[in-house]
Amino acid sequence: MKIKAITGVLSAMALAASLSAQAQVKVGVIVSATGPTAFVGIPQKNSVALLPKKVGDLSIEYIQFDDASDSTQSVQLTKKLLSENKIDALIGPSGSPNAMGVLQFMAEAHTPMLAPVGTAAVVVPMDDKKRWVFKTHPNDDVISDGLIAAMTKRGVKTVGFIGYNDPYGENWYKTFAPMAQKAGLKIVANERYSRQDTSVTGQVAKLLAAHPDAILVAGVAAGAALPHVQLVDAGYKGAIYHTHGSASGAFIKIGGKQVEGALVVGPLLLVPNEIPDSVASKKVTLGYVTSYEKQFGSPPPIFGAGVYDAGLILVHAIPEAAKKGKPGTPEFRSALRDALEGTKDLVTSQGVVTMTPQDHSGYDARGRVLVTVKDGKFVLVKD
């Protein structure tokens, strides 16, 4: 009897352990915590610590790697997570070029990818590969619409453009140019520079020669400060606008006094203490900012918000996916993709998300705001 009792207990324990193992969702995370893109990757790495570890009866394991800002490592780590760790979803990588390089492998594995990157090229135009990718920052057209509205309100007629010569800058021009033309704005200069450049003297000279009323910079953080600073130093007096890629403390730190007055369209996360009570995302935004500050001693850059919101979107979709398959199975991953695409009116730290088969970002104008740099910090532009 004792042997039978012990055997019964052991069998129950084995069953419980088996059920527990089956009830674990594995999420891979790839960030650039070191290397040139660490200013993006570090707040993303930090934000992983704030993500939910459980949803319903399912536990969530985050398997995190640093790709050292190297796109080749991004690919190698993605393959490792898929083949060895059998992940159900991926959050990352940090940089736009890195994300573009791995999305095909995620699609081939039929595993959802939540990309906390700036370029909309990871989800636009939609195709069989990109249907497995979900972008966790607002798409360029949402931000571009805000920039054009700010420009037209201020009487801008001609615009000079300078952006990265990679997917971020290229997609920004492809998005902004036709929208600007439709709004009656004329682009009189179109320049590119590399993320590794330390000078854009030639590009600045061409921009100045075109005499634009305003200039739009499509760069990221400290890299966006480079053309702004050199434009100011060269004597440019017009308004300088920026995409949400510049919505970072690193932009202000590197740009210093020269970026005072910069106009940036980005999320309300930039000015948490100025968010009106009527904004749907205020509670979630303040919750994220407070938790991040408490644990890491400083406000979170928007790059971290991309990972935090990826976690919120995943947690919202996992219970629905679990109805159609067990974590770790192709059925679960396929159902998870469908559940992510079915996200509706989900409040996140950057706004409200509603996905569709055509829109795998889902953010709208409700989370968008115009800010300027004043006295070394972002402040809300209210007029």
# chains A, B, ... in the order shown; residues from 1 in each chain; ligands from 1
$ residues_around --residues "stretch 361-364 of chain A" --least-positions-apart "3" --cutoff "6 Å" --atoms "only C-alpha atoms" --output "PyMOL selection string"
chain A and resi 134-135+138+352-355
$ write_last_selection --atoms "N, CA and C atoms" --output "compact mmCIF listing (two decimals), in the first residue's frame"
# COMPACT_ATOMS: atom_id res chain seq x y z
N PHE A 134 4.71 42.61 -35.69
CA PHE A 134 3.88 43.67 -35.10
C PHE A 134 4.82 44.73 -34.54
N LYS A 135 4.61 45.97 -34.95
CA LYS A 135 5.49 47.07 -34.57
C LYS A 135 4.93 47.77 -33.34
N PRO A 138 4.34 53.91 -32.86
CA PRO A 138 3.45 54.43 -33.91
C PRO A 138 4.12 54.41 -35.28
N VAL A 352 -3.38 54.19 -27.58
CA VAL A 352 -4.36 53.12 -27.73
C VAL A 352 -4.08 52.35 -29.02
N VAL A 353 -4.09 51.02 -28.92
CA VAL A 353 -3.71 50.17 -30.05
C VAL A 353 -4.90 49.38 -30.57
N THR A 354 -5.14 49.47 -31.87
CA THR A 354 -6.12 48.64 -32.56
C THR A 354 -5.48 48.12 -33.84
N MET A 355 -5.18 46.83 -33.85
CA MET A 355 -4.54 46.22 -35.02
C MET A 355 -5.59 45.82 -36.05
$ residues_around --residues "A:His137" --least-positions-apart "5" --cutoff "9 Å" --atoms "only C-alpha atoms" --output "list in words"
Ala115, Pro116, Val117, Gly118, Thr119, Ala120, Ile302, Phe303, Ala305, Gly306, Asp309, Gln350, Ser361, Gly362 and Tyr363 of chain A
$ closest_atom_pairs --of "stretch 249-315 of chain A" --to "stretch 30-45 of chain A" --cutoff "12 Å" --atoms "only C-alpha atoms" --output "CSV"
residue,atom,partner,partner_atom,distance
A:Gly249,CA,A:Phe39,CA,9.6
A:Ala250,CA,A:Phe39,CA,7.5
A:Phe251,CA,A:Phe39,CA,10.4
A:Lys253,CA,A:Phe39,CA,11.9
A:Val289,CA,A:Pro43,CA,11.7
A:Tyr292,CA,A:Pro43,CA,9.2
A:Glu293,CA,A:Pro43,CA,11.1
A:Gln295,CA,A:Pro43,CA,11.6
A:Phe296,CA,A:Pro43,CA,9.2
A:Gly297,CA,A:Pro43,CA,11.6
A:Ser298,CA,A:Pro43,CA,10.1
A:Pro299,CA,A:Pro43,CA,9.6
A:Pro300,CA,A:Pro43,CA,6.6
A:Pro301,CA,A:Pro43,CA,6.7
A:Ile302,CA,A:Pro43,CA,8.5
A:Phe303,CA,A:Val40,CA,5.6
A:Gly304,CA,A:Gln44,CA,4.1
A:Ala305,CA,A:Gln44,CA,7.5
A:Gly306,CA,A:Gln44,CA,7.5
A:Val307,CA,A:Gln44,CA,5.7
A:Tyr308,CA,A:Gln44,CA,7.8
A:Asp309,CA,A:Gln44,CA,10.7
A:Ala310,CA,A:Gln44,CA,10.6
A:Gly311,CA,A:Gln44,CA,11.3
$ write_last_selection --atoms "N, CA and C atoms" --output "PDB file, in the first residue's frame"
ATOM      1  N   GLY A 249      16.294  61.546 -24.290  1.00  0.00           N
ATOM      2  CA  GLY A 249      17.195  62.395 -23.521  1.00  0.00           C
ATOM      3  C   GLY A 249      18.567  62.491 -24.147  1.00  0.00           C
ATOM      4  N   ALA A 250      18.969  61.448 -24.879  1.00  0.00           N
ATOM      5  CA  ALA A 250      20.281  61.460 -25.540  1.00  0.00           C
ATOM      6  C   ALA A 250      20.341  62.553 -26.601  1.00  0.00           C
ATOM      7  N   PHE A 251      19.229  62.832 -27.256  1.00  0.00           N
ATOM      8  CA  PHE A 251      19.164  63.900 -28.255  1.00  0.00           C
ATOM      9  C   PHE A 251      19.468  65.240 -27.603  1.00  0.00           C
ATOM     10  N   LYS A 253      20.958  65.704 -24.596  1.00  0.00           N
ATOM     11  CA  LYS A 253      22.275  65.662 -23.971  1.00  0.00           C
ATOM     12  C   LYS A 253      23.384  65.955 -24.969  1.00  0.00           C
ATOM     13  N   VAL A 289       6.116  54.897 -16.220  1.00  0.00           N
ATOM     14  CA  VAL A 289       7.141  55.885 -15.868  1.00  0.00           C
ATOM     15  C   VAL A 289       7.534  55.755 -14.399  1.00  0.00           C
ATOM     16  N   TYR A 292       9.497  52.460 -13.737  1.00  0.00           N
ATOM     17  CA  TYR A 292      10.835  52.525 -14.319  1.00  0.00           C
ATOM     18  C   TYR A 292      11.745  53.424 -13.482  1.00  0.00           C
ATOM     19  N   GLU A 293      11.232  54.595 -13.112  1.00  0.00           N
ATOM     20  CA  GLU A 293      12.020  55.529 -12.309  1.00  0.00           C
ATOM     21  C   GLU A 293      12.390  54.916 -10.953  1.00  0.00           C
ATOM     22  N   GLN A 295      12.816  51.791 -10.187  1.00  0.00           N
ATOM     23  CA  GLN A 295      13.784  50.701 -10.294  1.00  0.00           C
ATOM     24  C   GLN A 295      15.117  51.141 -10.883  1.00  0.00           C
ATOM     25  N   PHE A 296      15.092  52.120 -11.787  1.00  0.00           N
ATOM     26  CA  PHE A 296      16.324  52.467 -12.504  1.00  0.00           C
ATOM     27  C   PHE A 296      16.791  53.910 -12.297  1.00  0.00           C
ATOM     28  N   GLY A 297      16.028  54.700 -11.556  1.00  0.00           N
ATOM     29  CA  GLY A 297      16.501  56.016 -11.141  1.00  0.00           C
ATOM     30  C   GLY A 297      16.387  57.130 -12.149  1.00  0.00           C
ATOM     31  N   SER A 298      15.728  56.889 -13.276  1.00  0.00           N
ATOM     32  CA  SER A 298      15.548  57.941 -14.277  1.00  0.00           C
ATOM     33  C   SER A 298      14.314  57.630 -15.109  1.00  0.00           C
ATOM     34  N   PRO A 299      13.749  58.641 -15.783  1.00  0.00           N
ATOM     35  CA  PRO A 299      12.559  58.387 -16.619  1.00  0.00           C
ATOM     36  C   PRO A 299      12.918  57.485 -17.796  1.00  0.00           C
ATOM     37  N   PRO A 300      11.972  56.708 -18.282  1.00  0.00           N
ATOM     38  CA  PRO A 300      12.257  55.822 -19.413  1.00  0.00           C
ATOM     39  C   PRO A 300      12.205  56.559 -20.748  1.00  0.00           C
ATOM     40  N   PRO A 301      13.210  56.348 -21.617  1.00  0.00           N
ATOM     41  CA  PRO A 301      13.099  56.866 -22.986  1.00  0.00           C
ATOM     42  C   PRO A 301      12.007  56.105 -23.727  1.00  0.00           C
ATOM     43  N   ILE A 302      11.546  56.638 -24.848  1.00  0.00           N
ATOM     44  CA  ILE A 302      10.473  55.968 -25.583  1.00  0.00           C
ATOM     45  C   ILE A 302      10.908  54.610 -26.115  1.00  0.00           C
ATOM     46  N   PHE A 303      12.225  54.403 -26.259  1.00  0.00           N
ATOM     47  CA  PHE A 303      12.697  53.110 -26.749  1.00  0.00           C
ATOM     48  C   PHE A 303      12.279  51.998 -25.784  1.00  0.00           C
ATOM     49  N   GLY A 304      12.348  52.276 -24.494  1.00  0.00           N
ATOM     50  CA  GLY A 304      11.921  51.299 -23.504  1.00  0.00           C
ATOM     51  C   GLY A 304      10.431  51.036 -23.584  1.00  0.00           C
ATOM     52  N   ALA A 305       9.674  52.072 -23.906  1.00  0.00           N
ATOM     53  CA  ALA A 305       8.222  51.935 -24.011  1.00  0.00           C
ATOM     54  C   ALA A 305       7.831  50.947 -25.105  1.00  0.00           C
ATOM     55  N   GLY A 306       8.642  50.849 -26.142  1.00  0.00           N
ATOM     56  CA  GLY A 306       8.356  49.895 -27.211  1.00  0.00           C
ATOM     57  C   GLY A 306       8.360  48.464 -26.711  1.00  0.00           C
ATOM     58  N   VAL A 307       9.271  48.148 -25.792  1.00  0.00           N
ATOM     59  CA  VAL A 307       9.336  46.809 -25.198  1.00  0.00           C
ATOM     60  C   VAL A 307       8.220  46.632 -24.172  1.00  0.00           C
ATOM     61  N   TYR A 308       7.996  47.662 -23.370  1.00  0.00           N
ATOM     62  CA  TYR A 308       6.937  47.581 -22.355  1.00  0.00           C
ATOM     63  C   TYR A 308       5.568  47.349 -23.009  1.00  0.00           C
ATOM     64  N   ASP A 309       5.294  48.095 -24.061  1.00  0.00           N
ATOM     65  CA  ASP A 309       4.014  47.939 -24.748  1.00  0.00           C
ATOM     66  C   ASP A 309       3.925  46.596 -25.467  1.00  0.00           C
ATOM     67  N   ALA A 310       5.062  46.093 -25.957  1.00  0.00           N
ATOM     68  CA  ALA A 310       5.081  44.760 -26.565  1.00  0.00           C
ATOM     69  C   ALA A 310       4.606  43.726 -25.553  1.00  0.00           C
ATOM     70  N   GLY A 311       5.061  43.881 -24.305  1.00  0.00           N
ATOM     71  CA  GLY A 311       4.636  42.973 -23.247  1.00  0.00           C
ATOM     72  C   GLY A 311       3.147  43.073 -22.973  1.00  0.00           C
TER      73      GLY A 311
END
$ closest_residue --among "A:Tyr193, A:Asp141, A:Val229, A:Val156" --to "A:Met179" --atoms "only C-alpha atoms"
A:Asp141
$ closest_atom_pairs --of "stretch 129-187 of chain A" --to "stretch 264-287 of chain A" --cutoff "12 Å" --atoms "only C-alpha atoms" --output "tab-separated table"
residue	atom	partner	partner_atom	distance
A:His137	CA	A:Pro267	CA	9.2
A:Pro138	CA	A:Pro267	CA	8.6
A:Asn139	CA	A:Gly266	CA	10.9
A:Asp140	CA	A:Gly266	CA	10.6
A:Asp141	CA	A:Val265	CA	11.6
A:Val142	CA	A:Val265	CA	9.6
A:Ile143	CA	A:Val265	CA	6.2
A:Ser144	CA	A:Val265	CA	8.2
A:Asp145	CA	A:Val265	CA	9.5
A:Gly146	CA	A:Val265	CA	6.5
A:Leu147	CA	A:Val265	CA	6.3
A:Ile148	CA	A:Val265	CA	10.1
A:Ala149	CA	A:Val265	CA	10.4
A:Ala150	CA	A:Val265	CA	9.0
A:Met151	CA	A:Val265	CA	11.2
$ select_by_dssp --residues "stretch 124-264 of chain A" --states "helix (DSSP H, G or I)" --output "PyMOL selection string"
chain A and resi 130-132+140-153+167-182+201-209+222-233+244-246+249-259
$ atom_distance --atom1 "atom CA of A:Ser199" --atom2 "atom CA of A:Trp172"
21.1 Å
$ select_by_dssp --residues "stretch 332-366 of chain A" --states "strand (DSSP E or B)" --output "number ranges by chain"
A: 346-348, 351-353, 363
$ closest_residue --among "A:Lys237, A:His211, A:Arg333, A:Arg154" --to "A:Val25" --atoms "only C-alpha atoms"
A:Arg333
$ residues_around --residues "A:Ile60" --least-positions-apart "2" --cutoff "7 Å" --atoms "only C-alpha atoms" --output "list of chain:residue names"
A:Gln24, A:Val25, A:Lys26, A:Lys53, A:Lys54, A:Leu58, A:Tyr62
$ atom_distance --atom1 "atom CA of A:Met113" --atom2 "atom CA of A:Lys294"
28.9 Å
$ residues_around --residues "A:Leu231" --least-positions-apart "3" --cutoff "9 Å" --atoms "only C-alpha atoms" --output "list in words"
Thr201, Val204, Ala205, Leu207, Leu208, Leu226, Pro227, His228, Ala234, Gly235, Tyr236, Lys237 and Ile240 of chain A
